[in-house]
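*Asks:* Below is the file input_16.cif, which contains mmCIF, C-alpha atoms and all ligand atoms.
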data_data
#
loop_
_atom_site.label_atom_id
_atom_site.label_comp_id
_atom_site.auth_asym_id
_atom_site.auth_seq_id
_atom_site.Cartn_x
_atom_site.Cartn_y
_atom_site.Cartn_z
CA MET A 1003 29.93 -38.85 26.15
CA LYS A 1004 28.32 -38.19 29.48
CA ASN A 1005 24.56 -38.50 29.54
CA SER A 1006 24.08 -34.87 30.62
CA VAL A 1007 26.22 -33.58 27.75
CA ARG A 1008 24.33 -35.80 25.31
CA LEU A 1009 21.04 -34.45 26.68
CA MET A 1010 22.17 -30.85 26.32
CA ALA A 1011 23.31 -31.46 22.76
CA LEU A 1012 19.95 -33.02 21.96
CA ALA A 1013 18.09 -30.08 23.54
CA LEU A 1014 20.15 -27.62 21.53
CA PHE A 1015 19.54 -29.57 18.33
CA MET A 1016 15.77 -29.73 18.99
CA SER A 1017 15.54 -26.00 19.64
CA VAL A 1018 17.37 -25.25 16.38
CA VAL A 1019 14.94 -27.54 14.54
CA CYS A 1020 12.06 -25.74 16.25
CA TRP A 1021 13.28 -22.28 15.21
CA PHE A 1022 13.60 -23.48 11.62
CA ALA A 1023 10.07 -24.87 11.69
CA ILE A 1024 8.67 -21.63 13.13
CA GLY A 1025 10.60 -19.64 10.52
CA LEU A 1026 9.09 -21.68 7.69
CA VAL A 1027 5.52 -21.61 8.94
CA ASP A 1028 5.43 -18.02 10.13
CA ALA A 1029 5.62 -16.17 6.81
CA ASP A 1030 4.42 -12.84 8.13
CA THR A 1031 4.29 -10.08 5.55
CA GLN A 1032 6.12 -6.93 6.52
CA ILE A 1033 5.38 -3.64 4.83
CA ASN A 1034 7.66 -0.66 5.30
CA ILE A 1035 5.79 2.62 4.75
CA VAL A 1036 8.29 5.28 3.68
CA ASN A 1037 7.69 9.01 3.40
CA GLN A 1038 10.07 10.47 0.84
CA CYS A 1039 7.94 13.60 0.47
CA SER A 1040 9.45 16.89 1.59
CA GLN A 1041 6.46 17.39 3.88
CA THR A 1042 5.07 15.51 6.88
CA ILE A 1043 2.24 13.16 5.97
CA SER A 1044 -0.12 10.85 7.81
CA ALA A 1045 -0.16 7.28 6.53
CA CYS A 1046 -3.36 5.31 7.05
CA GLN A 1047 -3.95 1.57 7.04
CA THR A 1048 -7.07 -0.56 7.08
CA ASP A 1049 -8.32 -3.97 5.93
CA GLN A 1050 -11.50 -6.07 5.93
CA SER A 1051 -11.92 -5.41 9.65
CA GLY A 1052 -12.57 -1.75 8.86
CA GLN A 1053 -10.33 -0.65 11.71
CA ILE A 1054 -8.06 2.26 10.77
CA THR A 1055 -4.53 2.79 12.08
CA SER A 1056 -2.57 5.94 11.31
CA TYR A 1057 1.05 7.05 11.59
CA ALA A 1058 2.50 10.54 11.39
CA LEU A 1059 5.59 10.38 9.20
CA GLY A 1060 7.99 13.31 8.94
CA SER A 1061 9.96 13.78 5.77
CA GLY A 1062 12.31 10.79 5.43
CA ALA A 1063 10.59 8.78 8.18
CA SER A 1064 9.27 5.26 7.82
CA GLN A 1065 7.01 2.87 9.67
CA LEU A 1066 7.35 -0.90 9.49
CA ILE A 1067 4.07 -2.77 9.85
CA ASP A 1068 3.57 -6.52 10.24
CA VAL A 1069 0.29 -7.55 8.62
CA GLY A 1070 0.50 -11.20 9.65
CA THR A 1071 0.32 -14.29 7.46
CA THR A 1072 -2.87 -13.22 5.65
CA TRP A 1073 -4.00 -9.68 4.96
CA LEU A 1074 -7.31 -9.48 3.10
CA GLY A 1075 -8.51 -6.21 1.64
CA GLY A 1076 -5.48 -4.36 2.98
CA VAL A 1077 -5.29 -0.69 2.01
CA ILE A 1078 -2.66 1.99 2.68
CA TRP A 1079 -3.10 5.66 1.77
CA GLY A 1080 -1.98 9.03 3.03
CA TYR A 1081 -2.81 12.69 3.38
CA PRO A 1082 -0.71 15.79 4.00
CA GLY A 1083 0.02 16.83 7.58
CA GLY A 1084 0.79 14.93 10.75
CA SER A 1085 -2.58 14.70 12.48
CA ALA A 1086 -2.55 10.88 12.15
CA ASP A 1087 -6.25 10.90 13.00
CA PRO A 1088 -8.41 7.88 11.99
CA THR A 1089 -11.33 10.27 11.31
CA ASP A 1090 -9.17 12.30 8.90
CA CYS A 1091 -7.98 9.01 7.37
CA ASN A 1092 -11.57 7.99 6.79
CA THR A 1093 -12.41 11.32 5.12
CA ALA A 1094 -9.19 11.28 3.07
CA LYS A 1095 -9.64 7.72 1.77
CA PRO A 1096 -12.00 8.58 -1.15
CA GLN A 1097 -9.76 11.63 -1.85
CA ALA A 1098 -6.56 9.59 -2.21
CA ASP A 1099 -4.77 7.08 -4.39
CA LEU A 1100 -4.65 3.71 -2.63
CA ALA A 1101 -2.07 0.96 -2.24
CA GLU A 1102 -4.22 -2.19 -2.17
CA PHE A 1103 -3.03 -5.59 -0.92
CA THR A 1104 -4.26 -9.11 -0.50
CA THR A 1105 -1.50 -11.27 0.94
CA GLY A 1106 -1.26 -14.92 1.91
CA ASP A 1107 -4.31 -15.94 -0.11
CA ASN A 1108 -3.53 -19.38 -1.65
CA ASN A 1109 0.20 -18.71 -1.17
CA GLN A 1110 -0.10 -15.73 -3.47
CA ASP A 1111 0.03 -11.98 -2.83
CA SER A 1112 -1.60 -9.44 -5.09
CA TYR A 1113 -1.27 -5.68 -5.02
CA ASP A 1114 -2.14 -2.62 -7.06
CA ILE A 1115 -2.41 1.13 -6.96
CA SER A 1116 -5.95 2.45 -7.37
CA ILE A 1117 -6.87 5.94 -8.54
CA VAL A 1118 -10.47 4.93 -9.16
CA ASN A 1119 -11.72 7.43 -6.59
CA ALA A 1120 -9.03 10.09 -6.63
CA TYR A 1121 -5.36 10.92 -6.51
CA ASN A 1122 -3.50 12.96 -3.91
CA LEU A 1123 0.10 11.85 -3.22
CA PRO A 1124 2.78 10.17 -5.40
CA LEU A 1125 2.86 6.48 -4.49
CA GLN A 1126 4.85 3.34 -5.28
CA ILE A 1127 4.58 -0.30 -4.19
CA ALA A 1128 7.89 -2.16 -4.35
CA PRO A 1129 8.55 -5.78 -3.33
CA THR A 1130 11.71 -5.85 -1.23
CA SER A 1131 12.38 -9.59 -1.05
CA SER A 1132 12.29 -12.43 -3.55
CA GLY A 1133 10.30 -10.14 -5.73
CA SER A 1134 12.41 -8.17 -8.13
CA THR A 1135 10.38 -9.68 -10.96
CA CYS A 1136 6.98 -9.00 -9.41
CA GLY A 1137 6.70 -5.42 -10.55
CA SER A 1138 6.76 -2.06 -8.78
CA PRO A 1139 3.78 0.03 -9.88
CA SER A 1140 3.96 3.73 -9.19
CA CYS A 1141 1.82 6.78 -9.83
CA THR A 1142 3.00 10.38 -9.75
CA ILE A 1143 1.03 13.36 -10.99
CA ASN A 1144 2.88 16.65 -10.92
CA ASN A 1145 1.15 20.04 -10.80
CA LEU A 1146 -2.12 18.68 -9.45
CA ASN A 1147 -3.74 22.12 -9.68
CA SER A 1148 -3.35 22.33 -13.46
CA PHE A 1149 -4.08 18.60 -13.86
CA CYS A 1150 -7.37 18.76 -11.98
CA GLN A 1151 -9.76 20.15 -14.62
CA PRO A 1152 -13.54 19.53 -14.98
CA PRO A 1153 -15.21 17.09 -14.71
CA ASN A 1154 -12.47 16.12 -12.23
CA THR A 1155 -12.63 18.30 -9.14
CA PRO A 1156 -10.31 19.21 -6.25
CA THR A 1157 -11.17 17.32 -3.07
CA GLY A 1158 -10.06 19.92 -0.56
CA PRO A 1159 -8.70 18.79 2.83
CA PRO A 1160 -7.73 16.51 4.40
CA GLY A 1161 -6.74 14.59 1.24
CA ASP A 1162 -5.97 17.67 -0.86
CA GLY A 1163 -6.33 15.53 -3.96
CA CYS A 1164 -8.29 15.46 -7.19
CA TYR A 1165 -11.48 13.40 -7.60
CA ASN A 1166 -11.46 11.07 -10.61
CA ASN A 1167 -14.97 12.00 -11.73
CA ALA A 1168 -14.56 10.53 -15.20
CA THR A 1169 -15.11 7.01 -13.89
CA SER A 1170 -14.72 5.35 -17.29
CA PRO A 1171 -12.56 6.17 -20.30
CA SER A 1172 -15.62 7.48 -22.14
CA PRO A 1173 -17.29 9.78 -22.88
CA GLY A 1174 -14.52 12.26 -23.35
CA PRO A 1175 -10.87 12.06 -22.36
CA ASN A 1176 -9.89 11.02 -18.87
CA PRO A 1177 -6.42 12.30 -17.93
CA PHE A 1178 -6.00 9.80 -15.06
CA PRO A 1179 -5.07 6.67 -17.09
CA THR A 1180 -2.68 8.72 -19.22
CA ALA A 1181 -0.99 10.24 -16.16
CA CYS A 1182 -0.73 6.92 -14.29
CA PRO A 1183 -0.74 3.97 -16.71
CA GLU A 1184 0.39 1.54 -13.98
CA ALA A 1185 -2.55 2.36 -11.71
CA ILE A 1186 -6.15 1.18 -11.90
CA SER A 1187 -8.04 4.28 -12.99
CA TYR A 1188 -11.59 2.94 -13.37
CA THR A 1189 -13.25 -0.17 -11.96
CA THR A 1190 -12.80 -2.44 -14.99
CA ASP A 1191 -9.27 -1.19 -15.71
CA THR A 1192 -7.49 -4.13 -14.07
CA THR A 1193 -5.73 -5.83 -17.02
CA GLY A 1194 -1.99 -5.87 -16.34
CA LYS A 1195 -2.44 -3.58 -13.36
CA VAL A 1196 -2.87 -6.14 -10.61
CA TYR A 1197 0.59 -7.36 -9.64
CA GLY A 1198 1.40 -10.69 -8.03
CA CYS A 1199 4.15 -12.03 -5.82
CA GLN A 1200 4.73 -15.23 -3.89
CA THR A 1201 3.53 -15.07 -0.29
CA GLY A 1202 6.40 -14.35 2.08
CA THR A 1203 7.51 -11.36 0.06
CA ASN A 1204 7.93 -8.09 1.95
CA TYR A 1205 7.05 -4.69 0.50
CA GLU A 1206 7.76 -1.02 0.63
CA VAL A 1207 4.98 1.51 0.16
CA VAL A 1208 6.74 4.73 -0.75
CA PHE A 1209 5.12 8.16 -0.74
CA CYS A 1210 6.86 10.49 -3.22
CA PRO A 1211 9.13 7.73 -4.69
C1 LIG B 1301 -16.72 14.51 -8.36
O1 LIG B 1301 -16.82 13.44 -7.39
C2 LIG B 1301 -16.92 13.90 -6.06
C3 LIG B 1301 -16.89 12.67 -5.15
O2 LIG B 1301 -17.83 11.73 -5.54
C4 LIG B 1301 -18.17 14.76 -5.89
O3 LIG B 1301 -18.23 15.24 -4.57
C5 LIG B 1301 -18.12 15.93 -6.88
O4 LIG B 1301 -19.29 16.68 -6.81
C6 LIG B 1301 -17.94 15.40 -8.30
N1 LIG B 1301 -17.78 16.50 -9.23
C7 LIG B 1301 -18.46 16.56 -10.39
C8 LIG B 1301 -18.17 17.74 -11.27
O5 LIG B 1301 -19.24 15.70 -10.74
#
How would this structure read if it were set down as structure tokens?
*Replies:*
Amino acid sequence: MKNSVRLMALALFMSVVCWFAIGLVDADTQINIVNQCSQTISACQTDQSGQITSYALGSGASQLIDVGTTWLGGVIWGYPGGSADPTDCNTAKPQADLAEFTTGDNNQDSYDISIVNAYNLPLQIAPTSSGSTCGSPSCTINNLNSFCQPPNTPTGPPGDGCYNNATSPSPGPNPFPTACPEAISYTTDTTGKVYGCQTGTNYEVVFCP
């Protein structure tokens, strides 16, 4: 073999090795936010940084986000309408059910749906790779108007949800845990409701699953 051919073969081999190495190290988590609602919504995203990003999603639209190798305190929520305004997101956050994520922490991802503050839109978290056994919590409450009875109260816009005022299961009945048994409905209600997947898994966050 000519030296130049040998050199080219070696270069090719090294670049393939490099791409493999990058592929193994760079386990970015990708989250596809899907709007299956019949209406346009705004999806909001934040994390420990406190910075809010928002996307207007028409019915059937989706937005793929790359949250990097580690995402601490990641939260995704939504509200009706396409304003995609971080200020509206901020107001809607305590009026909404939340998809909560911590990914890439000790090679483990954890995620849950929280209705501790409120509920507004049907929501599901579904692992889309290597994760069929990790669990896909969802929470859907139909007829929010009739559901939202005292002490729980309607939030009004922009969230258009229902506040979970009964912050613990007692005193008196709290309809939230009954309506959404897979979601965390008060602060200590975490048993079996925090899901885990191996880091490197990708996810779908589906509104109106
Ligand atoms: C329910 O909680 C919301 C948000 O904290 C509050 O604004 C509202 O006044 C509460 N309603 C009742 C009946 O306590």
*Asks:* For ligand LIG 1301 (chain B), return the neighbouring residues as a list in words (distance at most 12 Å; only C-alpha atoms and all ligand atoms).
*Replies:*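 Within the 12 Å cut-off, the matching residues are Thr1093, Ala1094, Lys1095, Pro1096, Gln1097, Ala1098, Val1118, Asn1119, Ala1120, Tyr1121, Cys1150, Gln1151, Pro1152, Pro1153, Asn1154, Thr1155, Pro1156, Thr1157, Gly1158, Gly1163, Cys1164, Tyr1165, Asn1166, Asn1167, Ala1168 and Thr1169 of chain A.
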*Asks:* Suppose we keep C-alpha atoms; can you now write the selection as a PDB file, in the frame of the given file?
*Replies:*
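result02.pdb, written as the output of this step:
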ATOM      1  CA  THR A1093     -12.410  11.320   5.120  1.00  0.00           C
ATOM      2  CA  ALA A1094      -9.190  11.280   3.070  1.00  0.00           C
ATOM      3  CA  LYS A1095      -9.640   7.720   1.770  1.00  0.00           C
ATOM      4  CA  PRO A1096     -12.000   8.580  -1.150  1.00  0.00           C
ATOM      5  CA  GLN A1097      -9.760  11.630  -1.850  1.00  0.00           C
ATOM      6  CA  ALA A1098      -6.560   9.590  -2.210  1.00  0.00           C
ATOM      7  CA  VAL A1118     -10.470   4.930  -9.160  1.00  0.00           C
ATOM      8  CA  ASN A1119     -11.720   7.430  -6.590  1.00  0.00           C
ATOM      9  CA  ALA A1120      -9.030  10.090  -6.630  1.00  0.00           C
ATOM     10  CA  TYR A1121      -5.360  10.920  -6.510  1.00  0.00           C
ATOM     11  CA  CYS A1150      -7.370  18.760 -11.980  1.00  0.00           C
ATOM     12  CA  GLN A1151      -9.760  20.150 -14.620  1.00  0.00           C
ATOM     13  CA  PRO A1152     -13.540  19.530 -14.980  1.00  0.00           C
ATOM     14  CA  PRO A1153     -15.210  17.090 -14.710  1.00  0.00           C
ATOM     15  CA  ASN A1154     -12.470  16.120 -12.230  1.00  0.00           C
ATOM     16  CA  THR A1155     -12.630  18.300  -9.140  1.00  0.00           C
ATOM     17  CA  PRO A1156     -10.310  19.210  -6.250  1.00  0.00           C
ATOM     18  CA  THR A1157     -11.170  17.320  -3.070  1.00  0.00           C
ATOM     19  CA  GLY A1158     -10.060  19.920  -0.560  1.00  0.00           C
ATOM     20  CA  GLY A1163      -6.330  15.530  -3.960  1.00  0.00           C
ATOM     21  CA  CYS A1164      -8.290  15.460  -7.190  1.00  0.00           C
ATOM     22  CA  TYR A1165     -11.480  13.400  -7.600  1.00  0.00           C
ATOM     23  CA  ASN A1166     -11.460  11.070 -10.610  1.00  0.00           C
ATOM     24  CA  ASN A1167     -14.970  12.000 -11.730  1.00  0.00           C
ATOM     25  CA  ALA A1168     -14.560  10.530 -15.200  1.00  0.00           C
ATOM     26  CA  THR A1169     -15.110   7.010 -13.890  1.00  0.00           C
TER      27      THR A1169
END
*Asks:* Between A:Ser1116, A:Thr1072, A:Ser1148, A:Thr1203, which has the minimum distance to Glu1102 of chain A (counting only C-alpha atoms)?
*Replies:*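 For Glu1102 of chain A, the nearest of the candidates is A:Ser1116.
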*Asks:* Can you list, as JSON, numbers by chain, every protein, DNA or RNA residue that comes within 7 Å of Pro1124 of chain A when you count all atoms listed in the file, leaving out same-chain residues fewer than 3 positions away?
*Replies:* {"A": [1141, 1142, 1143, 1209, 1210, 1211]}
*Asks:* Using only C-alpha atoms, which of A:Leu1100, A:Ile1117, A:Ile1127, A:Val1208 sits nearest Asn1176 of chain A?
*Replies:*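 Residue with the minimum atom-to-atom distance to Asn1176 of chain A: A:Ile1117.
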*Asks:* From the options A:Gly1075, A:Gly1161, A:Gly1106, A:Pro1175, which residue's atoms come nearest to Asn1204 of chain A, counting only C-alpha atoms?
*Replies:* A:Gly1106
*Asks:* Figure out the distance between atom CA of Asp1090 of chain A and atom CA of Asn1034 of chain A, please, to one decimal in Å.
*Replies:*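 That distance, rounded to one decimal, is 21.5 Å.
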*Asks:* Atom CA of Ser1051 of chain A and atom CA of Tyr1205 of chain A are how many Å apart?
*Replies:*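 Answer for the atom CA of Ser1051 of chain A to atom CA of Tyr1205 of chain A separation: 21.1 Å.
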*Asks:* What is the distance between atom CA of Cys1091 of chain A and atom CA of Gln1200 of chain A, in Å to one decimal?
*Replies:*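 Computing the Euclidean distance for atom CA of Cys1091 of chain A and atom CA of Gln1200 of chain A yields 29.6 Å.
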*Asks:* For Thr1180 of chain A, which of A:Ile1115, A:Thr1031, A:Ala1101, A:Phe1149 is the closest residue, counting all atoms listed in the file?
*Replies:*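 Of A:Ile1115, A:Thr1031, A:Ala1101, A:Phe1149, the one nearest Thr1180 of chain A is A:Phe1149, counting all atoms listed in the file.
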